[in-house]
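**Q** Sharing a structure, written as structure tokens. Questions coming.
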Amino acid sequence: MKKIYTHLNKITKATVELTAFDVGNEELAIVDGRYAQVVKIAGDKVTLQVFSGTEGIATNAEAFFLGHAPRLAVGPELSGRYFNAYGNPIDNGPEVDGIITEIGGPTINPVRREQPSELIATGIAGIDLNNTLVTGQKIPFFADSDQPYNQVMATVALRAEADRIILGGMGLSNDDYLYYQSVFENAGVKHRITAFINTTDDPSVERLLIPDMCLTAAEYFAVQKKEKVLVLLTDMTLFAEALAIVSNKMDQIPSKDSMPGSLYSDLARIYEKAAQFPDGGSITLIAVTTLNDGDITHAIPDNTGYITEGQLFLRRDTGVSKVIVDPFRSLSRLKQIVIGKKTREDHPHIMNALVRLFSDAASAKTKQENGFDLTRYDTRTLQFAEQYSKKLLAIDINVSIEHMLDTGWKLLHQFFEQNETGIKADILKKYWNHNEIPVQ
Amino acid sequence: MNSNSNTATGIINGIISNLVSIEFSGSVAQNEICFIQHNNVNLMAEVIRITGNIAQAQVFESTRGLKIGTAVQFAGHMLEVNLGPGILSRKYDGLQNDLEKIPGLFLERGSVSDPLDAERQFDFKPLVQTGEKVQACHWLGEVKEGWISHKIMVPFKFSGEYVVETIASQGSYRVDETVATLSDENGTIHSVTMRQKWPVKKALPGYLKKLRPYKLLETGIRAIDTLNPMTEGGTGFIPGPFGCGKTVLQHAMSKNADADLIIITACGERANEVVEIFKEFPELDDPRTGRKLMERTTIICNTSNMPVAAREASVYTGMTLAEYYRAMGLKVLLLADSTSRWAQALREMSNRLEELPGPDAFPMDLSAIISGFYARAGFVELTNGLTGSVTFVGTVSPAGGNLKEPVTESTRKAARCFYALAQKRADSKRYPAIDPLDSYSKYLEYPGFRDYLDEKIEKDWALKVEKARDILRRSVESSDQISILGDDSVPVEYHEIFWKGELIDFALLQQDAFDDIDQSTPMGRQRYMLNLILEICDAEIRFSNFEDVGKYYKSIINLLRQMNYCEFQDDSFKQYQIEIQKILTSRVEKGAA
Ligand SMILES: Nc1ncnc2c1ncn2[C@@H]1O[C@H](COP(=O)(O)OP(=O)(O)OP(=O)(O)O)[C@@H](O)[C@H]1O
Ligand SMILES: [Mg+2]
């Protein structure tokens, strides 16, 4: 028999306290019909965090414990379904019949991990050429809120050839939610999608459950079904802000930017679920971290950058009027595993040479802006940069990696001398005259 | 603390996250280990505060589902590691569980495993005779552990003088078999096996005295060995914003450093980076010995998703293992990535304990904790007159990339070498991104070390290094002037000075960690390169205009870079050498004419 409590000792904005025995840490409860979770136990005093807030809860509200931490029923029936943060359907479909699994489960033993090694081609050169992704990687888009990050992420997801796409929406605007739905439906991939959605209309603290819900489903498909799973989390900045709200209300001492001191561990616990499993399944995690005016030193992007395997930085290049993947601030740390090995041998060389010359162009641009005369070399780098931005960095292209490499050589050929490229001799010899046709 | 005394018991009476309060009876010590008997598993925890009969403990596992009233058994000792043959090449978690031995894909709560191999036989050779007088850490015998000769020592916990009563004869033994019996001053007999334990938070004694480091520890990385050299038994740290190359740099050190043993502590960082080591090191050759790299490497792996309290323990576990091998007269390099994660673990606990916070909410005693840890490294003389060393290099991950934060500042006080990674260099792919001006090695000021360089590399080597550093400094000044005044408005010499710095940067500092040859440069080759570069810098050339300067140096830089990709002194290397000399002679003559 479920014991029903009818007296709350204490009510704050986010938590309630009651007297109870035999309660487990992190256990779920229902307080006044709302989901709540045990966050502190001191003797017989139990503090519960009420996800949707405590507004209107009275001291005589009914409360009972569910006897378990948050969980999700996992099984093939998750396919094509949309859920809320508690894992309850929001698409008018039936409850899922599956294996009941507690979310936020144990860590994979590092010695059982495989090294990520399978390239994910997206057709976008700012990614494939400069910041190649592999399965099992975790990487966020860093973007200001006015960048089309959800569109780019949806494009990447569709081109990635994943067996399964799991979307976690945190503070997703209703428009973006509908956008994702229609993109997936139009692409005919609805059956490969599972989504856990918290929109701007939902209580913000509920967001805290979304990543764990997504990853529990992802682990099911990747481990049990050996699938290549792609998890999309948008927007992790709003997730972190919800964390801050909670820790603030729990009277914890904030560290930088009013974020909890445990932000690094809290985010790492999520991102580290990305893995290449030994039996072929994998979880690849692509997230969005929105920035405030491009500030990557803020605690949220900063801690994220220290956890993820690189970041894809979206920025508008006003010179060519396109959104590009910024080659300076972007990085894929796992690219080494595949470039020049799974792709053509010249890949790392041409990639580095182009970025280096693009950085020369950036210095030339500063010179120009400061009103100095440009050298001939400066002028060439500037011309090169425009072409590079347009033909390779812009997010609206969709070509093969081979084609990107060839385009790169053509650009070098068009604007530079061999010894200005810094590429090692044997590669130069082999590829310099590989393509003589100038880019149109 | 004596583990034979009656140990305390208690029950849980409070839980917040991984901090629990335990009401106990009996006596409990600060930092004592206890086990919480949750359902069918034991959750390990460490006491971090005691008030009356309430102990607060940090749990090394998730506390999900834990209830008030759960029984707790105290262990009577602090967090200890097992020391003995069989540590080499293992992959441990922060508490020294052997990860390979834990079954299953996931690390279920309460998983533990023996750090050593109780069944494995080791060939023991005695090094003492019965009747000999010995003290703690005296070598009683040795066994072959892989390629090293692992010393079996009088346990470090033994105090006073002992007499060897019996010593095992040459033969095969398991780690838990008695290999010696010793009698103490009272005549009590103690048996000694090949396994001993030591609390990680206490520095392991095991040496006679600490010496001032004076020997170069080669790492193969030019920006370190030539410009900011590390010593055997020295300390250093690598701060840098995310993505600037801290881990790549440490991996390069672990592959190429001239040490007998490498211990890598992955402390709160990415699991995939450790997997890279797991997969690559058994395949890669140690350039010095031809053995596989894994044969000299031990990994402590407490990645960011593993329990936070165990993360704090992991750096101490790594240090204690390093000290243990140092006591055998070995040259150990200990790397920790990242010490900031350890500091953050301290911060999380300190906040939960509601301690008065210091800057950025870190504990007030952070600085003391960090310097206490760095002080455990060092070059030592053992009781038998031999030497051993623990060289320690940690990374620091400053919040927002800002070096004025507590962990960086505290570490700066403790470490003697500073390898600052600069975002700007990383952005323009000038790897390794070690900032040539901000970085330093205090060892370059040590007279003993300078003598060593004079003798082992060449006379006045340190002066040449200083000269190179001066060129780099002046180059930056010139570059600033040029960008303020414009290319045309400064004398041509400014461009010359600027490009000399670029020359050193591109040909010496920059090094491709992913190129088979360039990734590691032996000292002999570094010496050749520095001399060649300084010769180029010293050549007097008259340039007609600033564009001429750029063109000239670019072509020289290109040749030197091509050289870096060649085997030292092979045919193509020599070809480039000749080309450089040709350019030099033609330009010098032209200039003179
Ligand atoms: N010496 C190098 N040569 C070539 N590339 C490098 C070098 N050092 C770093 N890089 C590039 O920079 C990336 C990031 O390096 P690394 O992972 O070492 O950064 P980090 O400072 O450890 O970052 P974090 O603090 O987030 O762990 C690498 O994946 C690689 O692409
Ligand atoms: Mg790193």
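Letters A, B, ... go to the chains of the structure tokens in the order shown; residues in each chain start at 1; ligands are counted from 1 in the same order.
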Produce as a PyMOL selection string the set of residues near ligand 2, where near means within 7 Å with only C-alpha atoms and all ligand atoms considered.

**A** chain B and resi 242-243+245-247+269+337

**Q** If you take only C-alpha atoms and all ligand atoms and a cut-off of 8 Å, which residues of chain B touch ligand 1, and what are their nearest atom pairs and distances in Å to one decimal, in chain and number order, as CSV?

**A**
residue,atom,partner,partner_atom_place_in_ligand_line,distance
B:Gly240,CA,ligand 1,21 (O),5.9
B:Pro241,CA,ligand 1,25 (O),5.9
B:Phe242,CA,ligand 1,25 (O),3.6
B:Gly243,CA,ligand 1,19 (O),3.6
B:Cys244,CA,ligand 1,21 (O),4.1
B:Gly245,CA,ligand 1,18 (O),3.1
B:Lys246,CA,ligand 1,21 (O),3.6
B:Thr247,CA,ligand 1,18 (O),3.5
B:Val248,CA,ligand 1,18 (O),3.7
B:Leu249,CA,ligand 1,18 (O),6.1
B:Gln250,CA,ligand 1,18 (O),7.7
B:Glu269,CA,ligand 1,27 (O),6.8
B:Arg270,CA,ligand 1,27 (O),7.5
B:Asp337,CA,ligand 1,22 (O),7.9
B:Ser338,CA,ligand 1,27 (O),7.8
B:Val396,CA,ligand 1,25 (O),7.9
B:Ser397,CA,ligand 1,25 (O),5.6
B:Leu421,CA,ligand 1,21 (O),7.8
B:Ala426,CA,ligand 1,12 (O),7.1
B:Lys429,CA,ligand 1,5 (N),7.1
B:Arg430,CA,ligand 1,3 (N),7.9
B:Tyr431,CA,ligand 1,1 (N),4.4
B:Pro432,CA,ligand 1,1 (N),4.1
B:Ala433,CA,ligand 1,8 (N),7.0
B:Gln510,CA,ligand 1,1 (N),7.6
B:Gln511,CA,ligand 1,1 (N),6.0
B:Asp512,CA,ligand 1,3 (N),4.5
B:Ala513,CA,ligand 1,3 (N),4.2
B:Phe514,CA,ligand 1,3 (N),6.0
B:Gln519,CA,ligand 1,1 (N),7.9

**Q** Can I get the selected residues back with C-alpha atoms, as a PDB file, in the first residue's frame?

**A**
ATOM      1  CA  GLY B 240      45.270  26.487 -21.545  1.00  0.00           C
ATOM      2  CA  PRO B 241      41.748  27.120 -22.753  1.00  0.00           C
ATOM      3  CA  PHE B 242      39.840  24.147 -24.106  1.00  0.00           C
ATOM      4  CA  GLY B 243      41.014  22.802 -27.414  1.00  0.00           C
ATOM      5  CA  CYS B 244      44.454  24.393 -27.264  1.00  0.00           C
ATOM      6  CA  GLY B 245      46.350  21.143 -27.071  1.00  0.00           C
ATOM      7  CA  LYS B 246      46.963  20.212 -23.426  1.00  0.00           C
ATOM      8  CA  THR B 247      46.048  16.594 -23.904  1.00  0.00           C
ATOM      9  CA  VAL B 248      47.830  16.232 -27.230  1.00  0.00           C
ATOM     10  CA  LEU B 249      50.939  17.703 -25.601  1.00  0.00           C
ATOM     11  CA  GLN B 250      50.753  15.327 -22.652  1.00  0.00           C
ATOM     12  CA  GLU B 269      38.501  14.194 -18.678  1.00  0.00           C
ATOM     13  CA  ARG B 270      37.147  12.411 -21.744  1.00  0.00           C
ATOM     14  CA  ASP B 337      45.025  15.697 -17.057  1.00  0.00           C
ATOM     15  CA  SER B 338      43.408  17.803 -15.683  1.00  0.00           C
ATOM     16  CA  VAL B 396      45.140  23.121 -15.795  1.00  0.00           C
ATOM     17  CA  SER B 397      41.858  24.036 -17.453  1.00  0.00           C
ATOM     18  CA  LEU B 421      49.025  27.391 -24.219  1.00  0.00           C
ATOM     19  CA  ALA B 426      45.889  27.330 -31.457  1.00  0.00           C
ATOM     20  CA  LYS B 429      47.148  26.132 -35.887  1.00  0.00           C
ATOM     21  CA  ARG B 430      50.590  26.980 -34.542  1.00  0.00           C
ATOM     22  CA  TYR B 431      50.957  23.760 -32.613  1.00  0.00           C
ATOM     23  CA  PRO B 432      52.061  23.040 -29.995  1.00  0.00           C
ATOM     24  CA  ALA B 433      50.432  26.269 -28.840  1.00  0.00           C
ATOM     25  CA  GLN B 510      55.934  24.362 -34.230  1.00  0.00           C
ATOM     26  CA  GLN B 511      55.898  20.627 -34.343  1.00  0.00           C
ATOM     27  CA  ASP B 512      53.365  18.319 -35.905  1.00  0.00           C
ATOM     28  CA  ALA B 513      52.232  15.874 -33.243  1.00  0.00           C
ATOM     29  CA  PHE B 514      50.644  13.683 -35.878  1.00  0.00           C
ATOM     30  CA  GLN B 519      56.401  14.384 -33.559  1.00  0.00           C
TER      31      GLN B 519
END

**Q** Residues of chain B near chain A: apply a cut-off of 8 Å, count only C-alpha atoms, and supply the list as a ChimeraX atom specification.

**A** /B:13-17,63-68,91,99-100,104-109,242-243,269-272,274-276,278-279,304-306,308,344,347-348,351-352,360-361,397,399-401,427-429,483,486-488,547,554-555,558,561-562,565

**Q** State, in Å with one decimal place, the distance from atom CA of B:Trp198 to atom CA of B:Glu80.

**A**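 Result for atom CA of B:Trp198 versus atom CA of B:Glu80: 5.1 Å, one decimal.
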
**Q** Which residues, written as a PyMOL selection string, have at least one atom at most 6 Å from stretch 226-236 of chain A, with only C-alpha atoms counted and residues fewer than 2 positions away on the same chain left out?

**A** chain A and resi 162-170+221-224+238-239+280-289

**Q** Export N, CA and C atoms of the chosen residues as a short mmCIF file (atom, residue, chain, number, x, y, z; two decimals), in the first residue's frame?

**A**
data_model
loop_
_atom_site.label_atom_id
_atom_site.label_comp_id
_atom_site.auth_asym_id
_atom_site.auth_seq_id
_atom_site.Cartn_x
_atom_site.Cartn_y
_atom_site.Cartn_z
N ALA A 162 22.15 7.80 -39.91
CA ALA A 162 22.03 7.10 -38.63
C ALA A 162 20.86 6.13 -38.69
N ASP A 163 20.95 5.06 -37.92
CA ASP A 163 19.82 4.14 -37.85
C ASP A 163 18.67 4.77 -37.07
N ARG A 164 19.06 5.67 -36.20
CA ARG A 164 18.06 6.19 -35.27
C ARG A 164 18.41 7.61 -34.88
N ILE A 165 17.42 8.47 -34.82
CA ILE A 165 17.66 9.85 -34.40
C ILE A 165 16.82 10.11 -33.16
N ILE A 166 17.47 10.56 -32.09
CA ILE A 166 16.73 10.87 -30.87
C ILE A 166 16.86 12.35 -30.60
N LEU A 167 15.73 13.01 -30.57
CA LEU A 167 15.74 14.46 -30.42
C LEU A 167 15.35 14.82 -29.00
N GLY A 168 16.16 15.64 -28.36
CA GLY A 168 15.83 16.16 -27.05
C GLY A 168 15.64 17.66 -27.16
N GLY A 169 14.44 18.11 -26.95
CA GLY A 169 14.18 19.55 -27.06
C GLY A 169 14.04 20.15 -25.67
N MET A 170 14.85 21.14 -25.37
CA MET A 170 14.78 21.80 -24.07
C MET A 170 14.50 23.26 -24.29
N PHE A 221 18.81 1.42 -27.90
CA PHE A 221 18.97 1.12 -29.33
C PHE A 221 20.42 0.79 -29.67
N ALA A 222 21.36 1.47 -29.04
CA ALA A 222 22.77 1.26 -29.39
C ALA A 222 23.32 -0.04 -28.81
N VAL A 223 22.90 -0.37 -27.58
CA VAL A 223 23.45 -1.56 -26.94
C VAL A 223 22.62 -2.81 -27.29
N GLN A 224 21.33 -2.71 -27.09
CA GLN A 224 20.49 -3.90 -27.33
C GLN A 224 20.33 -4.17 -28.82
N LEU A 238 19.87 26.24 -22.21
CA LEU A 238 18.64 26.33 -21.40
C LEU A 238 18.62 25.23 -20.34
N PHE A 239 19.21 24.08 -20.66
CA PHE A 239 19.35 23.02 -19.66
C PHE A 239 20.19 23.53 -18.49
N GLY A 280 29.31 -2.76 -32.27
CA GLY A 280 28.94 -2.04 -33.49
C GLY A 280 27.98 -0.90 -33.27
N GLY A 281 27.22 -0.92 -32.19
CA GLY A 281 26.32 0.19 -31.91
C GLY A 281 27.11 1.41 -31.50
N SER A 282 26.48 2.58 -31.63
CA SER A 282 27.17 3.79 -31.19
C SER A 282 26.16 4.86 -30.81
N ILE A 283 26.59 5.73 -29.93
CA ILE A 283 25.80 6.93 -29.64
C ILE A 283 26.65 8.13 -30.00
N THR A 284 26.16 8.90 -30.96
CA THR A 284 26.82 10.14 -31.35
C THR A 284 25.94 11.26 -30.83
N LEU A 285 26.56 12.26 -30.23
CA LEU A 285 25.76 13.29 -29.60
C LEU A 285 26.08 14.66 -30.20
N ILE A 286 25.08 15.24 -30.82
CA ILE A 286 25.26 16.60 -31.35
C ILE A 286 24.32 17.52 -30.60
N ALA A 287 24.89 18.57 -30.05
CA ALA A 287 24.09 19.46 -29.21
C ALA A 287 24.15 20.88 -29.73
N VAL A 288 23.30 21.70 -29.18
CA VAL A 288 23.36 23.13 -29.46
C VAL A 288 23.59 23.84 -28.14
N THR A 289 24.57 24.73 -28.13
CA THR A 289 24.79 25.59 -26.98
C THR A 289 24.69 27.02 -27.49
#

**Q** Run DSSP on the backbone and give me the residues of stretch 119-256 of chain A it puts in strand (DSSP E or B), as a PyMOL selection string.

**A** chain A and resi 119-120+133-134+138-144+164-172+193-199+228-234+254

**Q** Can you spit out the residues from that selection as a CSV table (one decimal), in the first residue's frame, using N, CA, C and O atoms?

**A**
chain,number,residue,atom,x,y,z
A,119,LEU,N,33.5,7.5,-40.1
A,119,LEU,CA,33.3,8.9,-40.5
A,119,LEU,C,31.8,9.2,-40.7
A,119,LEU,O,31.1,8.4,-41.3
A,120,ILE,N,31.3,10.4,-40.3
A,120,ILE,CA,30.0,10.8,-40.6
A,120,ILE,C,30.0,11.9,-41.6
A,120,ILE,O,30.6,13.0,-41.3
A,133,LEU,N,33.5,14.7,-38.5
A,133,LEU,CA,32.8,14.0,-37.4
A,133,LEU,C,32.9,12.5,-37.5
A,133,LEU,O,33.0,12.0,-38.6
A,134,VAL,N,32.9,11.8,-36.4
A,134,VAL,CA,32.9,10.3,-36.4
A,134,VAL,C,31.8,9.8,-35.4
A,134,VAL,O,31.4,10.5,-34.5
A,138,LYS,N,31.0,13.4,-29.4
A,138,LYS,CA,30.0,14.4,-28.8
A,138,LYS,C,30.5,15.7,-29.2
A,138,LYS,O,31.7,16.1,-29.0
A,139,ILE,N,29.6,16.5,-29.8
A,139,ILE,CA,30.1,17.8,-30.2
A,139,ILE,C,28.9,18.8,-30.3
A,139,ILE,O,27.8,18.4,-30.7
A,140,PRO,N,29.0,20.0,-29.8
A,140,PRO,CA,28.0,21.0,-29.9
A,140,PRO,C,28.1,22.0,-31.0
A,140,PRO,O,29.3,22.3,-31.4
A,141,PHE,N,27.1,22.6,-31.4
A,141,PHE,CA,27.1,23.8,-32.2
A,141,PHE,C,27.2,24.9,-31.3
A,141,PHE,O,26.3,25.0,-30.3
A,142,PHE,N,28.1,25.8,-31.4
A,142,PHE,CA,28.1,27.1,-30.6
A,142,PHE,C,27.5,28.1,-31.6
A,142,PHE,O,28.1,28.4,-32.7
A,143,ALA,N,26.4,28.7,-31.2
A,143,ALA,CA,25.8,29.7,-32.1
A,143,ALA,C,25.1,30.7,-31.3
A,143,ALA,O,24.5,30.5,-30.3
A,144,ASP,N,25.1,32.0,-31.8
A,144,ASP,CA,24.2,33.0,-31.3
A,144,ASP,C,22.8,32.6,-31.6
A,144,ASP,O,22.5,31.9,-32.5
A,164,ARG,N,19.1,5.7,-36.2
A,164,ARG,CA,18.1,6.2,-35.3
A,164,ARG,C,18.4,7.6,-34.9
A,164,ARG,O,19.6,7.9,-34.7
A,165,ILE,N,17.4,8.5,-34.8
A,165,ILE,CA,17.7,9.8,-34.4
A,165,ILE,C,16.8,10.1,-33.2
A,165,ILE,O,15.6,9.8,-33.2
A,166,ILE,N,17.5,10.6,-32.1
A,166,ILE,CA,16.7,10.9,-30.9
A,166,ILE,C,16.9,12.4,-30.6
A,166,ILE,O,18.0,12.9,-30.5
A,167,LEU,N,15.7,13.0,-30.6
A,167,LEU,CA,15.7,14.5,-30.4
A,167,LEU,C,15.3,14.8,-29.0
A,167,LEU,O,14.3,14.4,-28.5
A,168,GLY,N,16.2,15.6,-28.4
A,168,GLY,CA,15.8,16.2,-27.0
A,168,GLY,C,15.6,17.7,-27.2
A,168,GLY,O,16.6,18.4,-27.5
A,169,GLY,N,14.4,18.1,-26.9
A,169,GLY,CA,14.2,19.5,-27.1
A,169,GLY,C,14.0,20.1,-25.7
A,169,GLY,O,13.3,19.7,-24.9
A,170,MET,N,14.8,21.1,-25.4
A,170,MET,CA,14.8,21.8,-24.1
A,170,MET,C,14.5,23.3,-24.3
A,170,MET,O,15.3,24.0,-24.9
A,171,GLY,N,13.4,23.7,-23.8
A,171,GLY,CA,13.0,25.1,-24.1
A,171,GLY,C,12.9,25.4,-25.5
A,171,GLY,O,13.2,26.5,-26.0
A,172,LEU,N,12.5,24.4,-26.3
A,172,LEU,CA,12.3,24.5,-27.7
A,172,LEU,C,11.1,25.4,-28.0
A,172,LEU,O,10.0,25.2,-27.4
A,193,ILE,N,12.7,8.2,-35.7
A,193,ILE,CA,12.8,9.3,-34.7
A,193,ILE,C,12.2,8.9,-33.4
A,193,ILE,O,11.1,8.2,-33.4
A,194,THR,N,12.8,9.3,-32.3
A,194,THR,CA,12.1,9.3,-31.0
A,194,THR,C,12.4,10.7,-30.4
A,194,THR,O,13.6,11.1,-30.5
A,195,ALA,N,11.4,11.3,-29.9
A,195,ALA,CA,11.7,12.7,-29.4
A,195,ALA,C,11.2,12.9,-28.0
A,195,ALA,O,10.1,12.3,-27.6
A,196,PHE,N,12.0,13.6,-27.2
A,196,PHE,CA,11.5,14.0,-25.8
A,196,PHE,C,11.5,15.5,-25.8
A,196,PHE,O,12.6,16.1,-26.0
A,197,ILE,N,10.4,16.1,-25.6
A,197,ILE,CA,10.3,17.5,-25.9
A,197,ILE,C,9.8,18.3,-24.6
A,197,ILE,O,8.8,17.9,-24.0
A,198,ASN,N,10.6,19.3,-24.3
A,198,ASN,CA,10.1,20.3,-23.4
A,198,ASN,C,10.1,21.6,-24.1
A,198,ASN,O,11.2,22.1,-24.6
A,199,THR,N,9.0,22.2,-24.3
A,199,THR,CA,8.9,23.5,-25.0
A,199,THR,C,9.0,24.7,-24.1
A,199,THR,O,9.0,24.5,-22.9
A,228,LYS,N,23.3,2.5,-34.9
A,228,LYS,CA,24.0,3.8,-34.9
A,228,LYS,C,23.0,4.8,-34.5
A,228,LYS,O,22.2,5.2,-35.3
A,229,VAL,N,23.2,5.3,-33.3
A,229,VAL,CA,22.2,6.3,-32.8
A,229,VAL,C,22.7,7.7,-32.8
A,229,VAL,O,23.9,7.9,-32.4
A,230,LEU,N,22.0,8.6,-33.3
A,230,LEU,CA,22.4,10.0,-33.2
A,230,LEU,C,21.4,10.8,-32.3
A,230,LEU,O,20.2,10.7,-32.5
A,231,VAL,N,22.0,11.4,-31.3
A,231,VAL,CA,21.2,12.1,-30.3
A,231,VAL,C,21.4,13.6,-30.5
A,231,VAL,O,22.5,14.1,-30.6
A,232,LEU,N,20.3,14.3,-30.7
A,232,LEU,CA,20.3,15.8,-30.8
A,232,LEU,C,19.8,16.5,-29.6
A,232,LEU,O,18.7,16.2,-29.2
A,233,LEU,N,20.6,17.3,-29.0
A,233,LEU,CA,20.1,18.0,-27.8
A,233,LEU,C,20.1,19.5,-28.1
A,233,LEU,O,21.2,20.1,-28.3
A,234,THR,N,19.0,20.1,-28.0
A,234,THR,CA,18.9,21.5,-28.2
A,234,THR,C,17.9,22.1,-27.3
A,234,THR,O,16.8,21.7,-27.2
A,254,PRO,N,27.0,29.7,-5.7
A,254,PRO,CA,27.3,29.7,-7.1
A,254,PRO,C,28.7,29.9,-7.4
A,254,PRO,O,29.4,30.6,-6.7

**Q** With distances taken over only C-alpha atoms, which of A:Lys365, A:His403, A:Val325, A:Leu72 is nearest to A:Val152?

**A**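 Of the candidates, the smallest distance to A:Val152 is held by A:Val325.
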
**Q** Tell me which protein, DNA and RNA residues are within 10 Å of B:Asp460, counting only C-alpha atoms, leaving out same-chain ones fewer than 5 positions away, and put them as a ChimeraX atom specification.

**A** /B:450-451,453-455,465

**Q** Any idea what the distance is between atom CA of B:Asp480 and atom CA of A:Asp378?

**A**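 Those two atoms sit 17.3 Å apart.
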
**Q** Which neighbours of B:Val393 fall inside 9 Å, counting only C-alpha atoms, when residues of the same chain fewer than 4 positions from it are skipped, and could you give them as a PDB file with C-alpha atoms, in the first residue's frame?

**A**
ATOM      1  CA  GLY B 234      61.011  18.507 -11.890  1.00  0.00           C
ATOM      2  CA  THR B 235      57.496  19.884 -11.902  1.00  0.00           C
ATOM      3  CA  GLY B 236      55.558  21.709 -14.560  1.00  0.00           C
ATOM      4  CA  PHE B 237      52.058  22.612 -15.574  1.00  0.00           C
ATOM      5  CA  ILE B 238      50.209  23.277 -18.766  1.00  0.00           C
ATOM      6  CA  GLN B 250      50.753  15.327 -22.652  1.00  0.00           C
ATOM      7  CA  LEU B 333      57.085  10.612 -15.300  1.00  0.00           C
ATOM      8  CA  LEU B 334      53.660  11.307 -13.845  1.00  0.00           C
ATOM      9  CA  LEU B 335      51.126  13.161 -15.963  1.00  0.00           C
ATOM     10  CA  ALA B 336      47.734  14.360 -14.777  1.00  0.00           C
ATOM     11  CA  ASP B 337      45.025  15.697 -17.057  1.00  0.00           C
ATOM     12  CA  ALA B 415      55.332  24.227 -10.288  1.00  0.00           C
ATOM     13  CA  CYS B 417      57.919  25.036 -15.371  1.00  0.00           C
TER      14      CYS B 417
END

**Q** Using only C-alpha atoms, which residues sit within 7 Å of B:Gln135 once same-chain residues fewer than 6 positions away are excluded, as a PDB file with all heavy atoms, in the first residue's frame?

**A**
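Here's the written file part-v8.pdb:
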ATOM      1  N   VAL B 154      61.078  -3.619   2.239  1.00  0.00           N
ATOM      2  CA  VAL B 154      60.538  -3.665   3.597  1.00  0.00           C
ATOM      3  C   VAL B 154      59.372  -2.669   3.619  1.00  0.00           C
ATOM      4  O   VAL B 154      59.530  -1.536   3.167  1.00  0.00           O
ATOM      5  CB  VAL B 154      61.601  -3.243   4.636  1.00  0.00           C
ATOM      6  CG1 VAL B 154      60.987  -3.185   6.034  1.00  0.00           C
ATOM      7  CG2 VAL B 154      62.788  -4.187   4.586  1.00  0.00           C
ATOM      8  N   GLY B 160      61.528   1.890  12.513  1.00  0.00           N
ATOM      9  CA  GLY B 160      62.628   1.349  13.312  1.00  0.00           C
ATOM     10  C   GLY B 160      63.434   0.336  12.529  1.00  0.00           C
ATOM     11  O   GLY B 160      63.286   0.195  11.309  1.00  0.00           O
ATOM     12  N   GLU B 161      64.263  -0.369  13.271  1.00  0.00           N
ATOM     13  CA  GLU B 161      65.195  -1.299  12.632  1.00  0.00           C
ATOM     14  C   GLU B 161      64.715  -2.746  12.769  1.00  0.00           C
ATOM     15  O   GLU B 161      64.105  -3.106  13.773  1.00  0.00           O
ATOM     16  CB  GLU B 161      66.563  -1.151  13.275  1.00  0.00           C
ATOM     17  CG  GLU B 161      67.663  -1.686  12.394  1.00  0.00           C
ATOM     18  CD  GLU B 161      68.975  -0.950  12.674  1.00  0.00           C
ATOM     19  OE1 GLU B 161      69.677  -1.387  13.580  1.00  0.00           O
ATOM     20  OE2 GLU B 161      69.255   0.054  11.974  1.00  0.00           O
ATOM     21  N   TYR B 162      64.971  -3.542  11.759  1.00  0.00           N
ATOM     22  CA  TYR B 162      64.546  -4.945  11.748  1.00  0.00           C
ATOM     23  C   TYR B 162      65.731  -5.819  11.369  1.00  0.00           C
ATOM     24  O   TYR B 162      66.685  -5.362  10.739  1.00  0.00           O
ATOM     25  CB  TYR B 162      63.422  -5.169  10.738  1.00  0.00           C
ATOM     26  CG  TYR B 162      62.136  -4.448  11.094  1.00  0.00           C
ATOM     27  CD1 TYR B 162      62.011  -3.077  10.891  1.00  0.00           C
ATOM     28  CD2 TYR B 162      61.052  -5.143  11.650  1.00  0.00           C
ATOM     29  CE1 TYR B 162      60.852  -2.400  11.227  1.00  0.00           C
ATOM     30  CE2 TYR B 162      59.887  -4.477  11.987  1.00  0.00           C
ATOM     31  CZ  TYR B 162      59.793  -3.108  11.777  1.00  0.00           C
ATOM     32  OH  TYR B 162      58.639  -2.464  12.117  1.00  0.00           O
TER      33      TYR B 162
END

**Q** Select, from A:Ala20, A:Ala240, A:Val156, A:Ala63, the residue with the minimum atom-to-atom distance to A:Arg34, counting only C-alpha atoms.

**A** A:Ala63

**Q** I'd like the neighbourhood of B:Leu284 as a PyMOL selection string, where a residue qualifies if any of its atoms comes within 8 Å (using only C-alpha atoms), though same-chain residues fewer than 3 positions away should be ignored.

**A** chain B and resi 280-281+292-294
